[in-house]
>>> print(open('query_3.pdb').read())   # PDB, N, CA and C atoms
ATOM      1  N   MET O  28      -8.275   6.664   4.557
ATOM      2  CA  MET O  28      -7.992   5.335   4.972
ATOM      3  C   MET O  28      -7.612   4.540   3.722
ATOM      4  N   TYR O  29      -6.635   3.660   3.876
ATOM      5  CA  TYR O  29      -6.185   2.805   2.784
ATOM      6  C   TYR O  29      -6.698   1.386   3.042
ATOM      7  N   VAL O  30      -7.345   0.803   2.028
ATOM      8  CA  VAL O  30      -7.982  -0.503   2.173
ATOM      9  C   VAL O  30      -7.444  -1.438   1.098
ATOM     10  N   GLY O  31      -6.945  -2.604   1.524
ATOM     11  CA  GLY O  31      -6.489  -3.606   0.575
ATOM     12  C   GLY O  31      -7.652  -4.437   0.083
ATOM     13  N   THR O  32      -7.664  -4.760  -1.217
ATOM     14  CA  THR O  32      -8.736  -5.552  -1.808
ATOM     15  C   THR O  32      -8.148  -6.636  -2.702
ATOM     16  N   ASN O  33      -8.989  -7.556  -3.137
ATOM     17  CA  ASN O  33      -8.560  -8.531  -4.129
ATOM     18  C   ASN O  33      -9.166  -8.212  -5.496
ATOM     19  N   GLY O  34      -9.567  -6.968  -5.673
ATOM     20  CA  GLY O  34     -10.116  -6.505  -6.950
ATOM     21  C   GLY O  34      -9.020  -6.055  -7.900
ATOM     22  N   THR O  35      -9.414  -5.361  -8.958
ATOM     23  CA  THR O  35      -8.439  -4.905  -9.950
ATOM     24  C   THR O  35      -7.511  -3.831  -9.399
ATOM     25  N   ALA O  36      -7.980  -3.075  -8.413
ATOM     26  CA  ALA O  36      -7.125  -2.108  -7.722
ATOM     27  C   ALA O  36      -6.715  -2.740  -6.400
ATOM     28  N   GLY O  37      -5.442  -2.982  -6.210
ATOM     29  CA  GLY O  37      -4.980  -3.660  -5.008
ATOM     30  C   GLY O  37      -5.208  -2.871  -3.733
ATOM     31  N   ILE O  38      -5.094  -1.540  -3.811
ATOM     32  CA  ILE O  38      -5.270  -0.672  -2.638
ATOM     33  C   ILE O  38      -6.220   0.461  -3.013
ATOM     34  N   LEU O  39      -7.237   0.662  -2.180
ATOM     35  CA  LEU O  39      -8.197   1.745  -2.397
ATOM     36  C   LEU O  39      -8.001   2.827  -1.342
ATOM     37  N   VAL O  40      -8.277   4.068  -1.728
ATOM     38  CA  VAL O  40      -8.223   5.201  -0.813
ATOM     39  C   VAL O  40      -9.654   5.637  -0.541
ATOM     40  N   VAL O  41     -10.046   5.632   0.736
ATOM     41  CA  VAL O  41     -11.381   6.057   1.145
ATOM     42  C   VAL O  41     -11.215   7.359   1.923
ATOM     43  N   THR O  42     -11.841   8.437   1.425
ATOM     44  CA  THR O  42     -11.617   9.756   2.037
ATOM     45  C   THR O  42     -12.762  10.243   2.906
ATOM     46  N   GLY O  43     -13.938   9.699   2.765
ATOM     47  CA  GLY O  43     -15.058  10.159   3.574
ATOM     48  C   GLY O  43     -16.216   9.180   3.519
ATOM     49  N   GLN O  44     -17.219   9.461   4.322
ATOM     50  CA  GLN O  44     -18.354   8.545   4.448
ATOM     51  C   GLN O  44     -19.109   8.381   3.126
ATOM     52  N   ASN O  45     -19.307   9.448   2.389
ATOM     53  CA  ASN O  45     -20.083   9.384   1.148
ATOM     54  C   ASN O  45     -19.213   9.430  -0.102
ATOM     55  N   ALA O  46     -17.896   9.446   0.067
ATOM     56  CA  ALA O  46     -17.001   9.530  -1.080
ATOM     57  C   ALA O  46     -16.766   8.141  -1.680
ATOM     58  N   ALA O  47     -16.677   8.095  -2.985
ATOM     59  CA  ALA O  47     -16.379   6.829  -3.663
ATOM     60  C   ALA O  47     -14.896   6.507  -3.490
ATOM     61  N   PRO O  48     -14.558   5.269  -3.202
ATOM     62  CA  PRO O  48     -13.150   4.908  -3.063
ATOM     63  C   PRO O  48     -12.424   5.018  -4.400
ATOM     64  N   THR O  49     -11.177   5.463  -4.357
ATOM     65  CA  THR O  49     -10.374   5.597  -5.567
ATOM     66  C   THR O  49      -9.138   4.707  -5.454
ATOM     67  N   PRO O  50      -8.686   4.135  -6.557
ATOM     68  CA  PRO O  50      -7.501   3.283  -6.518
ATOM     69  C   PRO O  50      -6.241   4.092  -6.211
ATOM     70  N   LEU O  51      -5.340   3.503  -5.466
ATOM     71  CA  LEU O  51      -4.048   4.131  -5.175
ATOM     72  C   LEU O  51      -3.087   3.773  -6.293
ATOM     73  N   TYR O  52      -2.661   4.763  -7.062
ATOM     74  CA  TYR O  52      -1.724   4.574  -8.173
ATOM     75  C   TYR O  52      -2.163   3.440  -9.088
ATOM     76  N   PHE O  53      -3.382   3.539  -9.580
ATOM     77  CA  PHE O  53      -3.944   2.515 -10.460
ATOM     78  C   PHE O  53      -3.045   2.331 -11.682
ATOM     79  N   GLY O  54      -2.763   1.109 -12.028
ATOM     80  CA  GLY O  54      -1.894   0.812 -13.157
ATOM     81  C   GLY O  54      -0.450   0.622 -12.762
ATOM     82  N   LEU O  55      -0.062   1.160 -11.623
ATOM     83  CA  LEU O  55       1.314   0.989 -11.153
ATOM     84  C   LEU O  55       1.423  -0.113 -10.111
ATOM     85  N   ILE O  56       0.511  -0.112  -9.141
ATOM     86  CA  ILE O  56       0.560  -1.122  -8.085
ATOM     87  C   ILE O  56      -0.155  -2.389  -8.537
ATOM     88  N   GLY O  57      -1.298  -2.270  -9.161
ATOM     89  CA  GLY O  57      -1.997  -3.426  -9.707
ATOM     90  C   GLY O  57      -2.805  -4.202  -8.689
ATOM     91  N   SER O  58      -3.256  -5.393  -9.112
ATOM     92  CA  SER O  58      -4.209  -6.162  -8.322
ATOM     93  C   SER O  58      -3.590  -7.277  -7.498
ATOM     94  N   SER O  59      -2.335  -7.527  -7.630
ATOM     95  CA  SER O  59      -1.730  -8.685  -6.969
ATOM     96  C   SER O  59      -1.025  -8.322  -5.663
ATOM     97  N   VAL O  60      -1.599  -7.411  -4.883
ATOM     98  CA  VAL O  60      -1.011  -6.978  -3.611
ATOM     99  C   VAL O  60      -1.279  -8.036  -2.544
ATOM    100  N   LEU O  61      -0.214  -8.489  -1.891
ATOM    101  CA  LEU O  61      -0.359  -9.452  -0.796
ATOM    102  C   LEU O  61      -0.526  -8.739   0.535
ATOM    103  N   THR O  62       0.289  -7.711   0.767
ATOM    104  CA  THR O  62       0.226  -6.962   2.018
ATOM    105  C   THR O  62       0.851  -5.590   1.803
ATOM    106  N   PHE O  63       0.472  -4.642   2.654
ATOM    107  CA  PHE O  63       1.126  -3.330   2.624
ATOM    108  C   PHE O  63       1.200  -2.785   4.031
ATOM    109  N   GLN O  64       2.227  -1.981   4.279
ATOM    110  CA  GLN O  64       2.423  -1.392   5.606
ATOM    111  C   GLN O  64       3.122  -0.051   5.455
ATOM    112  N   TRP O  65       2.623   0.907   6.206
ATOM    113  CA  TRP O  65       3.230   2.235   6.204
ATOM    114  C   TRP O  65       4.370   2.228   7.206
ATOM    115  N   GLY O  66       5.522   2.724   6.791
ATOM    116  CA  GLY O  66       6.667   2.833   7.688
ATOM    117  C   GLY O  66       6.485   3.970   8.682
ATOM    118  N   THR O  67       7.543   4.324   9.373
ATOM    119  CA  THR O  67       7.462   5.380  10.382
ATOM    120  C   THR O  67       7.546   6.778   9.789
ATOM    121  N   GLY O  68       7.837   6.893   8.529
ATOM    122  CA  GLY O  68       7.945   8.199   7.884
ATOM    123  C   GLY O  68       6.907   8.373   6.790
ATOM    124  N   THR O  69       7.393   8.565   5.567
ATOM    125  CA  THR O  69       6.505   8.817   4.432
ATOM    126  C   THR O  69       6.437   7.645   3.462
ATOM    127  N   VAL O  70       7.010   6.514   3.809
ATOM    128  CA  VAL O  70       7.118   5.394   2.873
ATOM    129  C   VAL O  70       6.057   4.328   3.148
ATOM    130  N   LEU O  71       5.376   3.899   2.089
ATOM    131  CA  LEU O  71       4.438   2.785   2.135
ATOM    132  C   LEU O  71       5.118   1.602   1.456
ATOM    133  N   TYR O  72       5.219   0.479   2.168
ATOM    134  CA  TYR O  72       5.833  -0.728   1.623
ATOM    135  C   TYR O  72       4.731  -1.645   1.131
ATOM    136  N   VAL O  73       4.857  -2.130  -0.101
ATOM    137  CA  VAL O  73       3.844  -2.978  -0.727
ATOM    138  C   VAL O  73       4.519  -4.261  -1.199
ATOM    139  N   VAL O  74       3.993  -5.412  -0.757
ATOM    140  CA  VAL O  74       4.465  -6.704  -1.247
ATOM    141  C   VAL O  74       3.413  -7.235  -2.205
ATOM    142  N   LYS O  75       3.842  -7.536  -3.432
ATOM    143  CA  LYS O  75       2.894  -8.032  -4.430
ATOM    144  C   LYS O  75       3.476  -9.228  -5.154
ATOM    145  N   LEU O  76       2.596 -10.010  -5.757
ATOM    146  CA  LEU O  76       3.026 -11.150  -6.555
ATOM    147  C   LEU O  76       3.647 -10.660  -7.848
ATOM    148  N   ASN O  77       4.679 -11.354  -8.272
ATOM    149  CA  ASN O  77       5.340 -11.036  -9.522
ATOM    150  C   ASN O  77       4.720 -11.868 -10.641
ATOM    151  N   ASP O  78       5.154 -11.643 -11.843
ATOM    152  CA  ASP O  78       4.709 -12.431 -12.989
ATOM    153  C   ASP O  78       5.004 -13.913 -12.747
ATOM    154  N   VAL O  79       4.127 -14.776 -13.176
ATOM    155  CA  VAL O  79       4.269 -16.220 -12.956
ATOM    156  C   VAL O  79       5.552 -16.752 -13.582
ATOM    157  N   SER O  80       5.969 -16.204 -14.696
ATOM    158  CA  SER O  80       7.160 -16.693 -15.394
ATOM    159  C   SER O  80       8.462 -16.202 -14.755
ATOM    160  N   SER O  81       8.372 -15.313 -13.783
ATOM    161  CA  SER O  81       9.565 -14.749 -13.150
ATOM    162  C   SER O  81      10.168 -15.720 -12.144
ATOM    163  N   LYS O  82      11.475 -15.603 -11.926
ATOM    164  CA  LYS O  82      12.161 -16.425 -10.927
ATOM    165  C   LYS O  82      11.894 -15.924  -9.512
ATOM    166  N   THR O  83      11.486 -14.671  -9.390
ATOM    167  CA  THR O  83      11.184 -14.076  -8.096
ATOM    168  C   THR O  83       9.674 -14.042  -7.908
ATOM    169  N   PRO O  84       9.123 -14.816  -6.952
ATOM    170  CA  PRO O  84       7.664 -14.891  -6.819
ATOM    171  C   PRO O  84       7.014 -13.632  -6.255
ATOM    172  N   GLN O  85       7.773 -12.836  -5.493
ATOM    173  CA  GLN O  85       7.205 -11.638  -4.884
ATOM    174  C   GLN O  85       8.117 -10.442  -5.127
ATOM    175  N   VAL O  86       7.510  -9.267  -5.124
ATOM    176  CA  VAL O  86       8.224  -8.012  -5.336
ATOM    177  C   VAL O  86       7.882  -7.068  -4.203
ATOM    178  N   LEU O  87       8.886  -6.342  -3.696
ATOM    179  CA  LEU O  87       8.674  -5.325  -2.672
ATOM    180  C   LEU O  87       8.755  -3.954  -3.328
ATOM    181  N   LEU O  88       7.674  -3.181  -3.210
ATOM    182  CA  LEU O  88       7.656  -1.812  -3.721
ATOM    183  C   LEU O  88       7.805  -0.852  -2.550
ATOM    184  N   LYS O  89       8.588   0.175  -2.751
ATOM    185  CA  LYS O  89       8.773   1.227  -1.748
ATOM    186  C   LYS O  89       8.200   2.502  -2.354
ATOM    187  N   VAL O  90       7.050   2.940  -1.835
ATOM    188  CA  VAL O  90       6.313   4.067  -2.411
ATOM    189  C   VAL O  90       6.414   5.263  -1.474
ATOM    190  N   ASP O  91       6.987   6.376  -1.971
ATOM    191  CA  ASP O  91       7.046   7.611  -1.180
ATOM    192  C   ASP O  91       5.702   8.314  -1.310
ATOM    193  N   MET O  92       4.930   8.303  -0.239
ATOM    194  CA  MET O  92       3.578   8.861  -0.255
ATOM    195  C   MET O  92       3.559  10.379  -0.084
ATOM    196  N   GLN O  93       4.685  10.973   0.262
ATOM    197  CA  GLN O  93       4.822  12.422   0.446
ATOM    198  C   GLN O  93       3.888  12.965   1.522
ATOM    199  N   LYS O  94       3.578  12.122   2.505
ATOM    200  CA  LYS O  94       2.825  12.535   3.688
ATOM    201  C   LYS O  94       3.220  11.614   4.826
ATOM    202  N   GLN O  95       3.138  12.105   6.039
ATOM    203  CA  GLN O  95       3.553  11.338   7.216
ATOM    204  C   GLN O  95       2.542  10.249   7.560
ATOM    205  N   SER O  96       3.053   9.168   8.110
ATOM    206  CA  SER O  96       2.176   8.118   8.613
ATOM    207  C   SER O  96       1.533   8.575   9.917
ATOM    208  N   ALA O  97       0.614   7.790  10.417
ATOM    209  CA  ALA O  97      -0.046   8.097  11.688
ATOM    210  C   ALA O  97       0.964   7.969  12.835
ATOM    211  N   PRO O  98       0.794   8.737  13.882
ATOM    212  CA  PRO O  98       1.728   8.619  15.026
ATOM    213  C   PRO O  98       1.603   7.258  15.701
ATOM    214  N   TYR O  99       2.699   6.800  16.271
ATOM    215  CA  TYR O  99       2.747   5.517  16.963
ATOM    216  C   TYR O  99       2.708   5.782  18.451
ATOM    217  N   TYR O 100       1.720   5.236  19.151
ATOM    218  CA  TYR O 100       1.573   5.446  20.592
ATOM    219  C   TYR O 100       1.840   4.166  21.403
ATOM    220  N   GLY O 101       2.423   3.152  20.767
ATOM    221  CA  GLY O 101       2.684   1.883  21.444
ATOM    222  C   GLY O 101       3.972   1.911  22.218
ATOM    223  N   ARG O 102       4.434   0.731  22.559
ATOM    224  CA  ARG O 102       5.680   0.592  23.333
ATOM    225  C   ARG O 102       6.876   0.966  22.492
ATOM    226  N   GLU O 103       7.872   1.467  23.130
ATOM    227  CA  GLU O 103       9.141   1.800  22.458
ATOM    228  C   GLU O 103      10.124   0.685  22.646
TER     229      GLU O 103
END
>>> encode(input="query_3.pdb", output="structure tokens")
Amino acid sequence: MYVGTNGTAGILVVTGQNAAPTPLYFGLIGSSVLTFQWGTGTVLYVVKLNDVSSKTPQVLLKVDMQKQSAPYYGRE
């Protein structure tokens, strides 16, 4: 399970009941994650805050997770 936090690791990976959570790509994604969503394939989209001095306030990261997302059973 992937969990968003406001800690130093923006996204944590939780693998089991007694397992310690580990940061997802620590140092690359960082702590300023606003939202993330897994696409229909292998891509995780991450929206994060950019540097304060930048002209672009937000950045969209496209991360190839190399694994399929969960199946979608909703309306088509």
>>> residues_around(input="query_3.pdb", residues="stretch 40-46 of chain O", least_positions_apart="4", cutoff="7 Å", atoms="all atoms listed in the file", output="list in words")
Met28, Tyr29, Val30, Pro50 and Leu51 of chain O
>>> write_last_selection(input="query_3.pdb", atoms="N, CA and C atoms", output="compact mmCIF listing (two decimals), in the frame of the given file")
# COMPACT_ATOMS: atom_id res chain seq x y z
N MET O 28 -8.28 6.66 4.56
CA MET O 28 -7.99 5.34 4.97
C MET O 28 -7.61 4.54 3.72
N TYR O 29 -6.64 3.66 3.88
CA TYR O 29 -6.18 2.80 2.78
C TYR O 29 -6.70 1.39 3.04
N VAL O 30 -7.34 0.80 2.03
CA VAL O 30 -7.98 -0.50 2.17
C VAL O 30 -7.44 -1.44 1.10
N PRO O 50 -8.69 4.14 -6.56
CA PRO O 50 -7.50 3.28 -6.52
C PRO O 50 -6.24 4.09 -6.21
N LEU O 51 -5.34 3.50 -5.47
CA LEU O 51 -4.05 4.13 -5.18
C LEU O 51 -3.09 3.77 -6.29
>>> resolve_selection(input="query_3.pdb", expression="the PyMOL selection byres ((chain O and resi 96-99) around 6.5)", output="ChimeraX atom specification")
/O:65-70,94-95,100-101
>>> residues_around(input="query_3.pdb", residues="O:Leu71", least_positions_apart="2", cutoff="6.5 Å", atoms="all atoms listed in the file", output="ChimeraX atom specification")
/O:63-66,69,73,88-92
>>> residues_around(input="query_3.pdb", residues="O:Gln85", least_positions_apart="6", cutoff="6.5 Å", atoms="all atoms listed in the file", output="ChimeraX atom specification")
/O:74-77
>>> write_last_selection(input="query_3.pdb", atoms="N, CA and C atoms", output="short mmCIF file (atom, residue, chain, number, x, y, z; two decimals), in the frame of the given file")
data_model
loop_
_atom_site.label_atom_id
_atom_site.label_comp_id
_atom_site.auth_asym_id
_atom_site.auth_seq_id
_atom_site.Cartn_x
_atom_site.Cartn_y
_atom_site.Cartn_z
N VAL O 74 3.99 -5.41 -0.76
CA VAL O 74 4.46 -6.70 -1.25
C VAL O 74 3.41 -7.24 -2.20
N LYS O 75 3.84 -7.54 -3.43
CA LYS O 75 2.89 -8.03 -4.43
C LYS O 75 3.48 -9.23 -5.15
N LEU O 76 2.60 -10.01 -5.76
CA LEU O 76 3.03 -11.15 -6.56
C LEU O 76 3.65 -10.66 -7.85
N ASN O 77 4.68 -11.35 -8.27
CA ASN O 77 5.34 -11.04 -9.52
C ASN O 77 4.72 -11.87 -10.64
#
>>> resolve_selection(input="query_3.pdb", expression="the PyMOL selection byres ((chain O and resi 36) around 6)", output="list in words")
Thr32, Gly34, Thr35, Gly37, Ile38, Leu39, Pro50, Gly57 and Ser58 of chain O
>>> atom_distance(input="query_3.pdb", atom1="atom CA of O:Thr62", atom2="atom CA of O:Asn33")
10.8 Å
>>> atom_distance(input="query_3.pdb", atom1="atom N of O:Leu87", atom2="atom C of O:Val60")
10.4 Å
>>> atom_distance(input="query_3.pdb", atom1="atom CA of O:Gly31", atom2="atom N of O:Ser80")
23.4 Å
>>> build_atoms(input="query_3.pdb", residues="stretch 68-93 of chain O", atoms="N, CA, C and O atoms", output="short mmCIF file (atom, residue, chain, number, x, y, z; two decimals), in the frame of the given file")
data_model
loop_
_atom_site.label_atom_id
_atom_site.label_comp_id
_atom_site.auth_asym_id
_atom_site.auth_seq_id
_atom_site.Cartn_x
_atom_site.Cartn_y
_atom_site.Cartn_z
N GLY O 68 7.84 6.89 8.53
CA GLY O 68 7.94 8.20 7.88
C GLY O 68 6.91 8.37 6.79
O GLY O 68 5.71 8.30 7.03
N THR O 69 7.39 8.56 5.57
CA THR O 69 6.50 8.82 4.43
C THR O 69 6.44 7.64 3.46
O THR O 69 5.87 7.77 2.38
N VAL O 70 7.01 6.51 3.81
CA VAL O 70 7.12 5.39 2.87
C VAL O 70 6.06 4.33 3.15
O VAL O 70 5.85 3.92 4.28
N LEU O 71 5.38 3.90 2.09
CA LEU O 71 4.44 2.78 2.13
C LEU O 71 5.12 1.60 1.46
O LEU O 71 5.57 1.71 0.32
N TYR O 72 5.22 0.48 2.17
CA TYR O 72 5.83 -0.73 1.62
C TYR O 72 4.73 -1.64 1.13
O TYR O 72 3.79 -1.93 1.86
N VAL O 73 4.86 -2.13 -0.10
CA VAL O 73 3.84 -2.98 -0.73
C VAL O 73 4.52 -4.26 -1.20
O VAL O 73 5.49 -4.22 -1.94
N VAL O 74 3.99 -5.41 -0.76
CA VAL O 74 4.46 -6.70 -1.25
C VAL O 74 3.41 -7.24 -2.20
O VAL O 74 2.24 -7.33 -1.86
N LYS O 75 3.84 -7.54 -3.43
CA LYS O 75 2.89 -8.03 -4.43
C LYS O 75 3.48 -9.23 -5.15
O LYS O 75 4.69 -9.45 -5.14
N LEU O 76 2.60 -10.01 -5.76
CA LEU O 76 3.03 -11.15 -6.56
C LEU O 76 3.65 -10.66 -7.85
O LEU O 76 3.18 -9.71 -8.46
N ASN O 77 4.68 -11.35 -8.27
CA ASN O 77 5.34 -11.04 -9.52
C ASN O 77 4.72 -11.87 -10.64
O ASN O 77 3.88 -12.73 -10.40
N ASP O 78 5.15 -11.64 -11.84
CA ASP O 78 4.71 -12.43 -12.99
C ASP O 78 5.00 -13.91 -12.75
O ASP O 78 6.03 -14.26 -12.18
N VAL O 79 4.13 -14.78 -13.18
CA VAL O 79 4.27 -16.22 -12.96
C VAL O 79 5.55 -16.75 -13.58
O VAL O 79 6.20 -17.65 -13.05
N SER O 80 5.97 -16.20 -14.70
CA SER O 80 7.16 -16.69 -15.39
C SER O 80 8.46 -16.20 -14.76
O SER O 80 9.54 -16.64 -15.14
N SER O 81 8.37 -15.31 -13.78
CA SER O 81 9.56 -14.75 -13.15
C SER O 81 10.17 -15.72 -12.14
O SER O 81 9.49 -16.54 -11.56
N LYS O 82 11.48 -15.60 -11.93
CA LYS O 82 12.16 -16.42 -10.93
C LYS O 82 11.89 -15.92 -9.51
O LYS O 82 12.06 -16.65 -8.55
N THR O 83 11.49 -14.67 -9.39
CA THR O 83 11.18 -14.08 -8.10
C THR O 83 9.67 -14.04 -7.91
O THR O 83 8.98 -13.32 -8.63
N PRO O 84 9.12 -14.82 -6.95
CA PRO O 84 7.66 -14.89 -6.82
C PRO O 84 7.01 -13.63 -6.26
O PRO O 84 5.85 -13.39 -6.49
N GLN O 85 7.77 -12.84 -5.49
CA GLN O 85 7.20 -11.64 -4.88
C GLN O 85 8.12 -10.44 -5.13
O GLN O 85 9.32 -10.58 -5.30
N VAL O 86 7.51 -9.27 -5.12
CA VAL O 86 8.22 -8.01 -5.34
C VAL O 86 7.88 -7.07 -4.20
O VAL O 86 6.73 -7.00 -3.77
N LEU O 87 8.89 -6.34 -3.70
CA LEU O 87 8.67 -5.32 -2.67
C LEU O 87 8.76 -3.95 -3.33
O LEU O 87 9.76 -3.62 -3.96
N LEU O 88 7.67 -3.18 -3.21
CA LEU O 88 7.66 -1.81 -3.72
C LEU O 88 7.80 -0.85 -2.55
O LEU O 88 7.20 -1.04 -1.50
N LYS O 89 8.59 0.18 -2.75
CA LYS O 89 8.77 1.23 -1.75
C LYS O 89 8.20 2.50 -2.35
O LYS O 89 8.76 3.06 -3.29
N VAL O 90 7.05 2.94 -1.84
CA VAL O 90 6.31 4.07 -2.41
C VAL O 90 6.41 5.26 -1.47
O VAL O 90 5.99 5.20 -0.32
N ASP O 91 6.99 6.38 -1.97
CA ASP O 91 7.05 7.61 -1.18
C ASP O 91 5.70 8.31 -1.31
O ASP O 91 5.37 8.85 -2.36
N MET O 92 4.93 8.30 -0.24
CA MET O 92 3.58 8.86 -0.26
C MET O 92 3.56 10.38 -0.08
O MET O 92 2.52 11.01 -0.21
N GLN O 93 4.68 10.97 0.26
CA GLN O 93 4.82 12.42 0.45
C GLN O 93 3.89 12.96 1.52
O GLN O 93 3.41 14.09 1.44
#
